[in-house]
>>> print(open('upload.txt').read())   # compact mmCIF, C-alpha atoms
# COMPACT_ATOMS: atom_id res chain seq x y z
CA MET A 1 3.15 -14.55 -10.99
CA ALA A 2 6.19 -15.99 -9.23
CA TRP A 3 6.26 -19.28 -7.37
CA ILE A 4 7.36 -19.00 -3.73
CA GLU A 5 8.42 -22.29 -2.21
CA GLY A 6 7.02 -22.64 1.28
CA GLY A 7 9.28 -22.45 4.26
CA THR A 8 9.97 -21.18 7.74
CA PHE A 9 11.46 -17.76 8.41
CA LEU A 10 12.00 -15.16 11.12
CA MET A 11 9.07 -12.77 10.91
CA GLY A 12 8.98 -9.27 12.40
CA SER A 13 11.70 -7.13 13.94
CA ASP A 14 12.87 -6.18 17.42
CA ALA A 15 14.64 -3.08 16.04
CA GLY A 16 11.70 -1.38 14.33
CA TYR A 17 8.34 -0.09 15.54
CA PRO A 18 6.72 -1.77 18.57
CA GLU A 19 4.01 -3.51 16.52
CA GLU A 20 6.68 -5.43 14.58
CA ALA A 21 7.98 -7.24 17.66
CA PRO A 22 8.80 -9.80 18.72
CA VAL A 23 10.78 -11.62 16.09
CA ARG A 24 9.15 -15.04 15.82
CA SER A 25 9.29 -18.12 13.67
CA ALA A 26 6.58 -18.29 10.98
CA SER A 27 5.86 -20.78 8.21
CA THR A 28 4.07 -20.72 4.88
CA HIS A 29 3.10 -23.32 2.34
CA GLY A 30 4.06 -22.78 -1.29
CA PHE A 31 2.12 -20.12 -3.22
CA TRP A 32 2.14 -18.01 -6.35
CA ILE A 33 2.26 -14.23 -5.97
CA ASP A 34 1.88 -11.36 -8.43
CA ARG A 35 5.27 -10.09 -9.55
CA HIS A 36 4.11 -6.51 -9.14
CA PRO A 37 1.16 -4.62 -7.67
CA VAL A 38 -2.12 -4.59 -9.55
CA THR A 39 -1.92 -1.77 -12.08
CA ASN A 40 -4.49 0.70 -13.34
CA ARG A 41 -4.59 -1.29 -16.57
CA ASP A 42 -5.35 -4.50 -14.65
CA PHE A 43 -8.03 -2.82 -12.55
CA ASN A 44 -9.61 -1.18 -15.58
CA ARG A 45 -10.11 -4.61 -17.16
CA PHE A 46 -11.78 -5.80 -13.98
CA VAL A 47 -14.12 -2.80 -13.86
CA LYS A 48 -15.02 -3.09 -17.53
CA GLU A 49 -15.91 -6.77 -17.18
CA THR A 50 -17.77 -6.56 -13.88
CA GLY A 51 -19.09 -3.01 -13.61
CA HIS A 52 -17.59 -2.79 -10.14
CA VAL A 53 -17.95 0.58 -8.42
CA THR A 54 -15.33 1.18 -5.78
CA LEU A 55 -16.10 2.36 -2.28
CA ALA A 56 -14.53 5.75 -3.02
CA GLU A 57 -16.97 6.26 -5.90
CA ARG A 58 -20.05 5.75 -3.72
CA PRO A 59 -21.56 8.04 -1.07
CA ALA A 60 -21.24 6.73 2.47
CA ASP A 61 -24.32 5.59 4.34
CA PRO A 62 -25.05 8.17 7.10
CA ASP A 63 -26.36 5.35 9.31
CA ASP A 64 -22.87 3.87 9.38
CA TYR A 65 -21.35 7.16 10.60
CA PRO A 66 -23.77 8.79 13.04
CA GLY A 67 -22.93 12.41 13.70
CA ALA A 68 -20.43 12.63 10.82
CA ASP A 69 -19.99 15.81 8.82
CA PRO A 70 -22.21 15.36 5.71
CA ASP A 71 -19.41 16.83 3.59
CA LEU A 72 -17.33 13.75 4.43
CA LEU A 73 -20.02 11.30 3.27
CA VAL A 74 -19.87 12.21 -0.42
CA PRO A 75 -17.83 10.00 -2.79
CA SER A 76 -14.27 10.78 -1.76
CA SER A 77 -10.93 9.32 -0.78
CA SER A 78 -7.83 10.30 1.17
CA VAL A 79 -5.20 12.28 -0.75
CA PHE A 80 -1.82 13.63 0.34
CA VAL A 81 -1.76 17.43 0.36
CA LYS A 82 1.62 18.97 1.09
CA PRO A 83 1.34 21.45 3.98
CA LYS A 84 2.35 25.05 3.43
CA ARG A 85 3.95 25.36 6.86
CA PRO A 86 5.66 23.04 9.35
CA VAL A 87 3.23 20.69 11.08
CA ARG A 88 3.22 18.14 13.90
CA LEU A 89 4.00 14.58 12.85
CA ASP A 90 1.53 13.00 15.26
CA ASP A 91 -1.55 14.01 13.25
CA ALA A 92 -1.91 12.66 9.71
CA TYR A 93 -4.80 15.03 9.07
CA GLN A 94 -2.16 17.74 8.75
CA TRP A 95 -1.30 16.35 5.31
CA CYS A 96 -4.11 13.96 4.39
CA ALA A 97 -7.51 15.22 3.26
CA TYR A 98 -10.68 13.52 2.10
CA VAL A 99 -11.03 14.91 -1.41
CA PRO A 100 -14.46 14.66 -3.07
CA GLY A 101 -14.09 13.03 -6.47
CA ALA A 102 -10.77 11.35 -5.70
CA ASP A 103 -10.84 7.69 -6.75
CA TRP A 104 -8.82 5.19 -8.75
CA ARG A 105 -9.59 7.02 -11.99
CA HIS A 106 -8.73 10.40 -10.44
CA PRO A 107 -5.85 9.66 -8.07
CA GLN A 108 -5.15 13.21 -6.89
CA GLY A 109 -8.68 14.58 -7.19
CA PRO A 110 -11.42 15.13 -9.78
CA GLU A 111 -9.22 17.30 -12.03
CA THR A 112 -6.60 14.56 -12.38
CA SER A 113 -6.65 11.37 -14.43
CA ALA A 114 -5.07 7.91 -14.38
CA LYS A 115 -5.34 7.55 -18.16
CA LYS A 116 -1.61 7.99 -18.64
CA LEU A 117 -0.79 5.90 -15.57
CA SER A 118 -1.73 2.48 -16.95
CA LYS A 119 1.48 0.88 -15.65
CA HIS A 120 1.27 2.54 -12.23
CA PRO A 121 -0.27 0.72 -9.25
CA VAL A 122 -3.98 1.24 -8.84
CA VAL A 123 -4.77 3.26 -5.71
CA HIS A 124 -7.88 4.34 -3.80
CA VAL A 125 -9.02 0.72 -3.41
CA ALA A 126 -10.69 -0.15 -0.13
CA TYR A 127 -10.52 -3.64 1.34
CA GLU A 128 -13.80 -4.73 -0.27
CA ASP A 129 -12.51 -3.53 -3.66
CA ALA A 130 -9.31 -5.54 -3.21
CA LEU A 131 -11.33 -8.66 -2.34
CA ALA A 132 -13.59 -8.14 -5.36
CA TYR A 133 -10.63 -7.78 -7.73
CA ALA A 134 -8.91 -10.85 -6.31
CA ALA A 135 -12.08 -12.95 -6.66
CA TRP A 136 -12.52 -11.82 -10.28
CA ALA A 137 -8.91 -12.76 -11.03
CA GLY A 138 -9.32 -16.18 -9.42
CA LYS A 139 -6.88 -15.23 -6.69
CA GLU A 140 -6.81 -14.15 -3.04
CA LEU A 141 -5.12 -11.56 -0.87
CA PRO A 142 -1.93 -12.76 0.82
CA THR A 143 -1.66 -13.34 4.53
CA GLU A 144 0.79 -11.11 6.33
CA ALA A 145 3.21 -14.02 6.69
CA GLU A 146 3.02 -14.88 2.98
CA TRP A 147 3.58 -11.24 2.05
CA GLU A 148 6.56 -10.78 4.35
CA PHE A 149 8.15 -14.10 3.40
CA ALA A 150 7.90 -13.13 -0.29
CA ALA A 151 9.14 -9.57 0.34
CA ARG A 152 12.29 -10.79 2.07
CA GLY A 153 13.34 -12.52 -1.14
CA GLY A 154 15.32 -15.16 0.73
CA LEU A 155 17.34 -12.70 2.84
CA GLU A 156 16.89 -13.93 6.41
CA GLY A 157 16.71 -11.08 8.89
CA ALA A 158 17.83 -8.31 6.51
CA THR A 159 16.53 -4.82 7.23
CA TYR A 160 15.40 -4.16 3.66
CA ALA A 161 14.23 -6.42 0.86
CA TRP A 162 17.68 -6.05 -0.75
CA GLY A 163 19.93 -6.13 2.33
CA ASP A 164 20.93 -3.97 5.27
CA GLU A 165 22.12 -0.83 3.44
CA GLU A 166 19.31 1.56 2.55
CA VAL A 167 20.96 3.09 -0.52
CA PRO A 168 23.65 0.61 -1.62
CA GLY A 169 26.32 2.35 -3.66
CA GLY A 170 24.14 5.45 -3.79
CA ARG A 171 21.45 3.58 -5.73
CA TYR A 172 17.82 4.07 -4.69
CA MET A 173 16.08 0.72 -4.55
CA ALA A 174 12.47 1.82 -4.10
CA ASN A 175 10.05 4.72 -4.52
CA THR A 176 10.02 6.42 -1.11
CA TRP A 177 10.31 9.96 0.25
CA GLN A 178 13.71 11.64 0.51
CA GLY A 179 13.88 14.73 2.69
CA GLU A 180 11.86 16.02 5.63
CA PHE A 181 8.32 14.65 5.43
CA PRO A 182 5.80 16.15 4.77
CA MET A 183 7.29 19.50 3.73
CA SER A 184 10.27 18.72 1.53
CA ASN A 185 10.58 15.86 -0.94
CA GLU A 186 13.98 16.05 -2.60
CA LEU A 187 12.97 13.49 -5.26
CA ARG A 188 16.37 11.83 -5.27
CA ASP A 189 14.68 8.64 -6.49
CA GLY A 190 13.05 10.57 -9.34
CA TRP A 191 9.40 10.17 -8.29
CA GLU A 192 7.05 12.39 -6.34
CA TRP A 193 3.99 10.13 -6.55
CA THR A 194 3.63 6.54 -7.76
CA SER A 195 6.09 5.08 -10.25
CA PRO A 196 5.43 2.49 -12.97
CA VAL A 197 5.64 -1.03 -11.59
CA GLY A 198 9.01 -2.61 -12.22
CA THR A 199 10.89 0.70 -12.19
CA TYR A 200 13.22 -0.66 -9.53
CA ALA A 201 15.16 -3.92 -9.45
CA PRO A 202 13.24 -6.99 -8.25
CA ASN A 203 14.08 -8.77 -5.02
CA GLY A 204 15.62 -12.21 -4.77
CA TYR A 205 12.34 -13.88 -5.73
CA GLY A 206 11.82 -11.71 -8.80
CA LEU A 207 9.17 -9.52 -7.18
CA CYS A 208 8.97 -5.80 -7.88
CA ASP A 209 7.75 -2.99 -5.62
CA MET A 210 7.56 -5.03 -2.44
CA THR A 211 9.11 -1.89 -0.97
CA GLY A 212 7.65 1.59 -1.37
CA ASN A 213 5.45 2.85 -4.21
CA VAL A 214 2.14 1.80 -2.56
CA TRP A 215 1.10 0.01 0.60
CA GLU A 216 -0.59 -3.34 -0.07
CA TRP A 217 -3.58 -4.97 1.61
CA THR A 218 -3.25 -8.33 3.32
CA ALA A 219 -5.99 -10.65 4.51
CA ASP A 220 -4.94 -10.49 8.17
CA GLY A 221 -6.64 -8.39 10.79
CA PHE A 222 -4.83 -5.78 12.85
CA GLY A 223 -6.28 -5.73 16.34
CA PRO A 224 -9.84 -6.76 17.26
CA GLN A 225 -12.12 -7.56 14.33
CA ASP A 226 -15.40 -7.54 16.28
CA VAL A 227 -15.60 -3.75 16.08
CA PRO A 228 -17.78 -1.54 13.85
CA ILE A 229 -14.87 -0.79 11.50
CA PRO A 230 -12.18 -3.48 11.68
CA ARG A 231 -8.65 -2.86 10.46
CA LYS A 232 -6.42 -4.99 8.26
CA VAL A 233 -2.64 -5.23 8.06
CA THR A 234 -1.05 -3.42 5.13
CA LYS A 235 2.57 -3.95 4.17
CA GLY A 236 5.42 -2.48 2.17
CA GLY A 237 5.39 1.26 2.74
CA SER A 238 4.78 3.81 0.00
CA PHE A 239 6.08 6.85 -1.82
CA LEU A 240 5.09 8.84 1.29
CA CYS A 241 7.34 6.90 3.69
CA ALA A 242 10.37 8.77 5.03
CA PRO A 243 12.95 8.02 7.74
CA ASN A 244 11.83 10.99 9.84
CA TYR A 245 8.18 9.92 9.91
CA CYS A 246 7.35 6.47 8.55
CA HIS A 247 10.39 4.23 8.23
CA ARG A 248 8.14 1.37 7.21
CA TYR A 249 9.57 0.48 3.80
CA ARG A 250 10.94 -2.73 5.30
CA PRO A 251 9.54 -6.28 5.09
CA ALA A 252 8.94 -6.45 8.85
CA ALA A 253 6.96 -3.21 8.99
CA ARG A 254 3.20 -3.23 9.18
CA MET A 255 0.43 -0.68 9.38
CA ALA A 256 -3.24 -0.82 10.36
CA GLN A 257 -5.78 0.31 7.77
CA PRO A 258 -9.54 0.58 8.39
CA VAL A 259 -11.45 -1.52 5.88
CA ASP A 260 -13.72 1.38 4.97
CA THR A 261 -10.86 3.64 3.91
CA SER A 262 -9.01 4.12 0.65
CA THR A 263 -6.00 6.34 0.03
CA CYS A 264 -3.76 7.70 -2.72
CA HIS A 265 -0.93 5.38 -1.65
CA LEU A 266 -2.63 2.04 -1.01
CA GLY A 267 -3.04 -0.78 -3.55
CA LEU A 268 -2.81 -4.56 -3.68
CA ARG A 269 -1.24 -7.67 -5.13
CA CYS A 270 -2.68 -11.19 -5.10
CA VAL A 271 -1.69 -14.78 -4.45
CA VAL A 272 -2.77 -18.24 -5.56
CA ARG A 273 -2.12 -20.96 -3.03
CA ALA A 274 -1.01 -24.46 -3.90
CA ALA A 275 -3.87 -26.94 -3.91
>>> encode(input="upload.txt", output="structure tokens")
Amino acid sequence: MAWIEGGTFLMGSDAGYPEEAPVRSASTHGFWIDRHPVTNRDFNRFVKETGHVTLAERPADPDDYPGADPDLLVPSSSVFVKPKRPVRLDDAYQWCAYVPGADWRHPQGPETSAKKLSKHPVVHVAYEDALAYAAWAGKELPTEAEWEFAARGGLEGATYAWGDEEVPGGRYMANTWQGEFPMSNELRDGWEWTSPVGTYAPNGYGLCDMTGNVWEWTADGFGPQDVPIPRKVTKGGSFLCAPNYCHRYRPAARMAQPVDTSTCHLGLRCVVRAA
């Protein structure tokens, strides 16, 4: 973990998506944060010691989803499936499908395996799985302010975690999507799916993968929490983020994620707060 000295910073952006505004002053106390996302190796240790079964590995309770298609209530998780023809960008179901048998051990479906991905971020973890892992590790999930303060790496107001230029000197700084999402990934960064943690240079605080690779859960709610399925703020963007669709691989960016959902591009990292 890396120690982040507490401080005050400008949080959010007035130049990004509407939910990032307005820019406002925010403060954090000092805290420790994982230097990289939780990996499959880390999560495997947790599962072996606790017997934890993730949400994606369990059938959904029909009482929680009245009227739902029974085929969607089997153990499953959301996986990116590249469309075979051009699609609208206002409907994520054009490229995301609930795949039976997809889970952290089988990141792209039941015929795939994470056995050779021990250094890659764990994915297909729902909010309750992230909380369970953090508790086992003696840690917690970061607040949105803690996460963003750490991601900025000391660069006040910069667009990206490394500065204002997206590809400085032609060097790709994170695992994102290059090309026209969701049809054409040109793989200029070398990765189509997740990459091993630490593949790219750390930010100014020595933290890796605060940009791209996988989205990360935070403890903060997004919108009302007194609803049947509340949503939490996720941060950082992922390997599926592209300028033409989801330019959210920036510290200020944020996305809402229902707590009962897991995906092929969502993981976590943890914090320990100063006593």
>>> atom_distance(input="upload.txt", atom1="atom CA of A:Glu166", atom2="atom CA of A:Pro243")
10.4 Å
>>> residues_around(input="upload.txt", residues="stretch 253-262 of chain A", least_positions_apart="3", cutoff="10 Å", atoms="all atoms listed in the file", output="VMD selection string")
chain A and resid 11 to 13 16 to 21 54 to 56 60 76 to 79 98 102 to 104 123 to 129 144 148 159 215 to 217 221 to 223 229 to 237 246 to 250 265 to 267
>>> atom_distance(input="upload.txt", atom1="atom CA of A:Thr263", atom2="atom CA of A:Leu207")
23.1 Å
>>> closest_residue(input="upload.txt", among="A:Ser184, A:Thr143, A:Thr194, A:Thr199", to="A:Asp220", atoms="only C-alpha atoms")
A:Thr143
>>> residues_around(input="upload.txt", residues="A:Trp136", least_positions_apart="3", cutoff="9 Å", atoms="all atoms listed in the file", output="list in words")
Phe46, Thr50, Leu131, Ala132, Tyr133 and Lys139 of chain A
>>> closest_residue(input="upload.txt", among="A:Phe181, A:Tyr200, A:Tyr65, A:Trp3", to="A:Arg85", atoms="only C-alpha atoms")
A:Phe181
>>> atom_distance(input="upload.txt", atom1="atom CA of A:Trp193", atom2="atom CA of A:Cys270")
22.4 Å
>>> axis_aligned_box(input="upload.txt", around="stretch 178-185 of chain A", padding_each_side="5 Å", output="AutoDock Vina command-line options")
--center_x 9.8 --center_y 15.6 --center_z 2.3 --size_x 18.1 --size_y 17.9 --size_z 16.6
>>> closest_residue(input="upload.txt", among="A:Leu155, A:Ala275, A:Ala219, A:Met1", to="A:Ala130", atoms="all atoms listed in the file")
A:Ala219
>>> residues_around(input="upload.txt", residues="A:Pro121", least_positions_apart="5", cutoff="8 Å", atoms="only C-alpha atoms", output="PyMOL selection string")
chain A and resi 37-40+194-197+213-214+267
>>> residues_near_point(input="upload.txt", point="(6.7, -14.8, 3.6)", cutoff="9 Å", atoms="all atoms listed in the file", output="list in words")
Ile4, Gly6, Gly7, Thr8, Phe9, Met11, Ala26, Ser27, Thr28, Thr143, Glu144, Ala145, Glu146, Trp147, Glu148, Phe149, Ala150, Ala151, Arg152 and Gly153 of chain A
>>> closest_residue(input="upload.txt", among="A:Ala134, A:Met210, A:Val272, A:Val53", to="A:Thr176", atoms="only C-alpha atoms")
A:Met210
>>> residues_near_point(input="upload.txt", point="(-21.8, 6.5, -3.2)", cutoff="7 Å", atoms="all atoms listed in the file", output="mmCIF file with C-alpha atoms, in the frame of the given file")
data_model
loop_
_atom_site.group_PDB
_atom_site.id
_atom_site.type_symbol
_atom_site.label_atom_id
_atom_site.label_comp_id
_atom_site.auth_asym_id
_atom_site.auth_seq_id
_atom_site.Cartn_x
_atom_site.Cartn_y
_atom_site.Cartn_z
ATOM 1 C CA GLU A 57 -16.970 6.260 -5.900
ATOM 2 C CA ARG A 58 -20.050 5.750 -3.720
ATOM 3 C CA PRO A 59 -21.560 8.040 -1.070
ATOM 4 C CA ALA A 60 -21.240 6.730 2.470
ATOM 5 C CA VAL A 74 -19.870 12.210 -0.420
ATOM 6 C CA PRO A 75 -17.830 10.000 -2.790
#
>>> closest_residue(input="upload.txt", among="A:Leu141, A:Val47, A:Leu187, A:Val99", to="A:Thr112", atoms="all atoms listed in the file")
A:Val99
>>> closest_residue(input="upload.txt", among="A:Pro22, A:Gly154, A:Gly212, A:Gly51", to="A:Ser238", atoms="all atoms listed in the file")
A:Gly212
>>> residues_around(input="upload.txt", residues="A:Glu180", least_positions_apart="5", cutoff="8 Å", atoms="only C-alpha atoms", output="list of chain:residue names")
A:Asn185, A:Ala242, A:Asn244
>>> build_atoms(input="upload.txt", residues="stretch 211-237 of chain A", atoms="N, CA, C and O atoms", output="mmCIF file, keeping the file's coordinate frame")
data_model
loop_
_atom_site.group_PDB
_atom_site.id
_atom_site.type_symbol
_atom_site.label_atom_id
_atom_site.label_comp_id
_atom_site.auth_asym_id
_atom_site.auth_seq_id
_atom_site.Cartn_x
_atom_site.Cartn_y
_atom_site.Cartn_z
ATOM 1 N N THR A 211 8.704 -2.989 -1.826
ATOM 2 C CA THR A 211 9.110 -1.890 -0.970
ATOM 3 C C THR A 211 8.665 -0.584 -1.620
ATOM 4 O O THR A 211 8.904 -0.361 -2.807
ATOM 5 N N GLY A 212 8.025 0.292 -0.860
ATOM 6 C CA GLY A 212 7.650 1.590 -1.370
ATOM 7 C C GLY A 212 6.589 1.545 -2.456
ATOM 8 O O GLY A 212 5.887 0.550 -2.627
ATOM 9 N N ASN A 213 6.454 2.629 -3.171
ATOM 10 C CA ASN A 213 5.450 2.850 -4.210
ATOM 11 C C ASN A 213 4.055 2.914 -3.577
ATOM 12 O O ASN A 213 3.536 3.994 -3.362
ATOM 13 N N VAL A 214 3.420 1.764 -3.264
ATOM 14 C CA VAL A 214 2.140 1.800 -2.560
ATOM 15 C C VAL A 214 2.110 0.724 -1.480
ATOM 16 O O VAL A 214 2.717 -0.340 -1.624
ATOM 17 N N TRP A 215 1.419 1.036 -0.392
ATOM 18 C CA TRP A 215 1.100 0.010 0.600
ATOM 19 C C TRP A 215 0.221 -1.041 -0.070
ATOM 20 O O TRP A 215 -0.466 -0.762 -1.063
ATOM 21 N N GLU A 216 0.204 -2.257 0.495
ATOM 22 C CA GLU A 216 -0.590 -3.340 -0.070
ATOM 23 C C GLU A 216 -1.418 -4.027 1.009
ATOM 24 O O GLU A 216 -0.919 -4.318 2.099
ATOM 25 N N TRP A 217 -2.682 -4.277 0.681
ATOM 26 C CA TRP A 217 -3.580 -4.970 1.610
ATOM 27 C C TRP A 217 -3.128 -6.410 1.842
ATOM 28 O O TRP A 217 -2.624 -7.059 0.931
ATOM 29 N N THR A 218 -3.337 -6.893 3.048
ATOM 30 C CA THR A 218 -3.250 -8.330 3.320
ATOM 31 C C THR A 218 -4.587 -8.792 3.888
ATOM 32 O O THR A 218 -5.444 -7.979 4.229
ATOM 33 N N ALA A 219 -4.740 -10.086 4.016
ATOM 34 C CA ALA A 219 -5.990 -10.650 4.510
ATOM 35 C C ALA A 219 -6.077 -10.652 6.032
ATOM 36 O O ALA A 219 -7.146 -10.914 6.586
ATOM 37 N N ASP A 220 -4.975 -10.358 6.709
ATOM 38 C CA ASP A 220 -4.940 -10.490 8.170
ATOM 39 C C ASP A 220 -5.455 -9.247 8.875
ATOM 40 O O ASP A 220 -5.210 -8.115 8.450
ATOM 41 N N GLY A 221 -6.145 -9.486 9.987
ATOM 42 C CA GLY A 221 -6.640 -8.390 10.790
ATOM 43 C C GLY A 221 -5.547 -7.772 11.649
ATOM 44 O O GLY A 221 -4.576 -8.429 12.026
ATOM 45 N N PHE A 222 -5.718 -6.491 11.951
ATOM 46 C CA PHE A 222 -4.830 -5.780 12.850
ATOM 47 C C PHE A 222 -5.673 -5.361 14.046
ATOM 48 O O PHE A 222 -6.514 -4.476 13.947
ATOM 49 N N GLY A 223 -5.477 -6.027 15.178
ATOM 50 C CA GLY A 223 -6.280 -5.730 16.340
ATOM 51 C C GLY A 223 -7.627 -6.434 16.290
ATOM 52 O O GLY A 223 -7.891 -7.276 15.417
ATOM 53 N N PRO A 224 -8.531 -6.107 17.199
ATOM 54 C CA PRO A 224 -9.840 -6.760 17.260
ATOM 55 C C PRO A 224 -10.626 -6.585 15.964
ATOM 56 O O PRO A 224 -10.606 -5.506 15.362
ATOM 57 N N GLN A 225 -11.313 -7.633 15.554
ATOM 58 C CA GLN A 225 -12.120 -7.560 14.330
ATOM 59 C C GLN A 225 -13.609 -7.460 14.625
ATOM 60 O O GLN A 225 -14.407 -7.229 13.722
ATOM 61 N N ASP A 226 -13.991 -7.629 15.902
ATOM 62 C CA ASP A 226 -15.400 -7.540 16.280
ATOM 63 C C ASP A 226 -15.744 -6.109 16.696
ATOM 64 O O ASP A 226 -16.320 -5.853 17.754
ATOM 65 N N VAL A 227 -15.350 -5.166 15.848
ATOM 66 C CA VAL A 227 -15.600 -3.750 16.080
ATOM 67 C C VAL A 227 -16.337 -3.205 14.865
ATOM 68 O O VAL A 227 -16.340 -3.840 13.796
ATOM 69 N N PRO A 228 -17.001 -2.057 14.990
ATOM 70 C CA PRO A 228 -17.780 -1.540 13.850
ATOM 71 C C PRO A 228 -16.961 -1.413 12.568
ATOM 72 O O PRO A 228 -17.457 -1.708 11.480
ATOM 73 N N ILE A 229 -15.726 -0.928 12.683
ATOM 74 C CA ILE A 229 -14.870 -0.790 11.500
ATOM 75 C C ILE A 229 -13.548 -1.488 11.776
ATOM 76 O O ILE A 229 -12.621 -0.888 12.342
ATOM 77 N N PRO A 230 -13.430 -2.766 11.430
ATOM 78 C CA PRO A 230 -12.180 -3.480 11.680
ATOM 79 C C PRO A 230 -11.049 -2.948 10.805
ATOM 80 O O PRO A 230 -11.278 -2.258 9.809
ATOM 81 N N ARG A 231 -9.837 -3.283 11.208
ATOM 82 C CA ARG A 231 -8.650 -2.860 10.460
ATOM 83 C C ARG A 231 -7.903 -4.093 9.962
ATOM 84 O O ARG A 231 -7.931 -5.149 10.572
ATOM 85 N N LYS A 232 -7.238 -3.936 8.836
ATOM 86 C CA LYS A 232 -6.420 -4.990 8.260
ATOM 87 C C LYS A 232 -4.961 -4.539 8.216
ATOM 88 O O LYS A 232 -4.651 -3.346 8.201
ATOM 89 N N VAL A 233 -4.066 -5.513 8.183
ATOM 90 C CA VAL A 233 -2.640 -5.230 8.060
ATOM 91 C C VAL A 233 -2.315 -4.856 6.620
ATOM 92 O O VAL A 233 -2.705 -5.559 5.683
ATOM 93 N N THR A 234 -1.618 -3.753 6.443
ATOM 94 C CA THR A 234 -1.050 -3.420 5.130
ATOM 95 C C THR A 234 0.464 -3.460 5.264
ATOM 96 O O THR A 234 1.023 -3.258 6.342
ATOM 97 N N LYS A 235 1.129 -3.720 4.141
ATOM 98 C CA LYS A 235 2.570 -3.950 4.170
ATOM 99 C C LYS A 235 3.276 -3.197 3.038
ATOM 100 O O LYS A 235 2.694 -2.883 2.011
ATOM 101 N N GLY A 236 4.564 -2.919 3.257
ATOM 102 C CA GLY A 236 5.420 -2.480 2.170
ATOM 103 C C GLY A 236 5.829 -1.025 2.154
ATOM 104 O O GLY A 236 6.783 -0.655 1.483
ATOM 105 N N GLY A 237 5.073 -0.154 2.827
ATOM 106 C CA GLY A 237 5.390 1.260 2.740
ATOM 107 C C GLY A 237 4.957 1.851 1.411
ATOM 108 O O GLY A 237 4.377 1.173 0.555
#
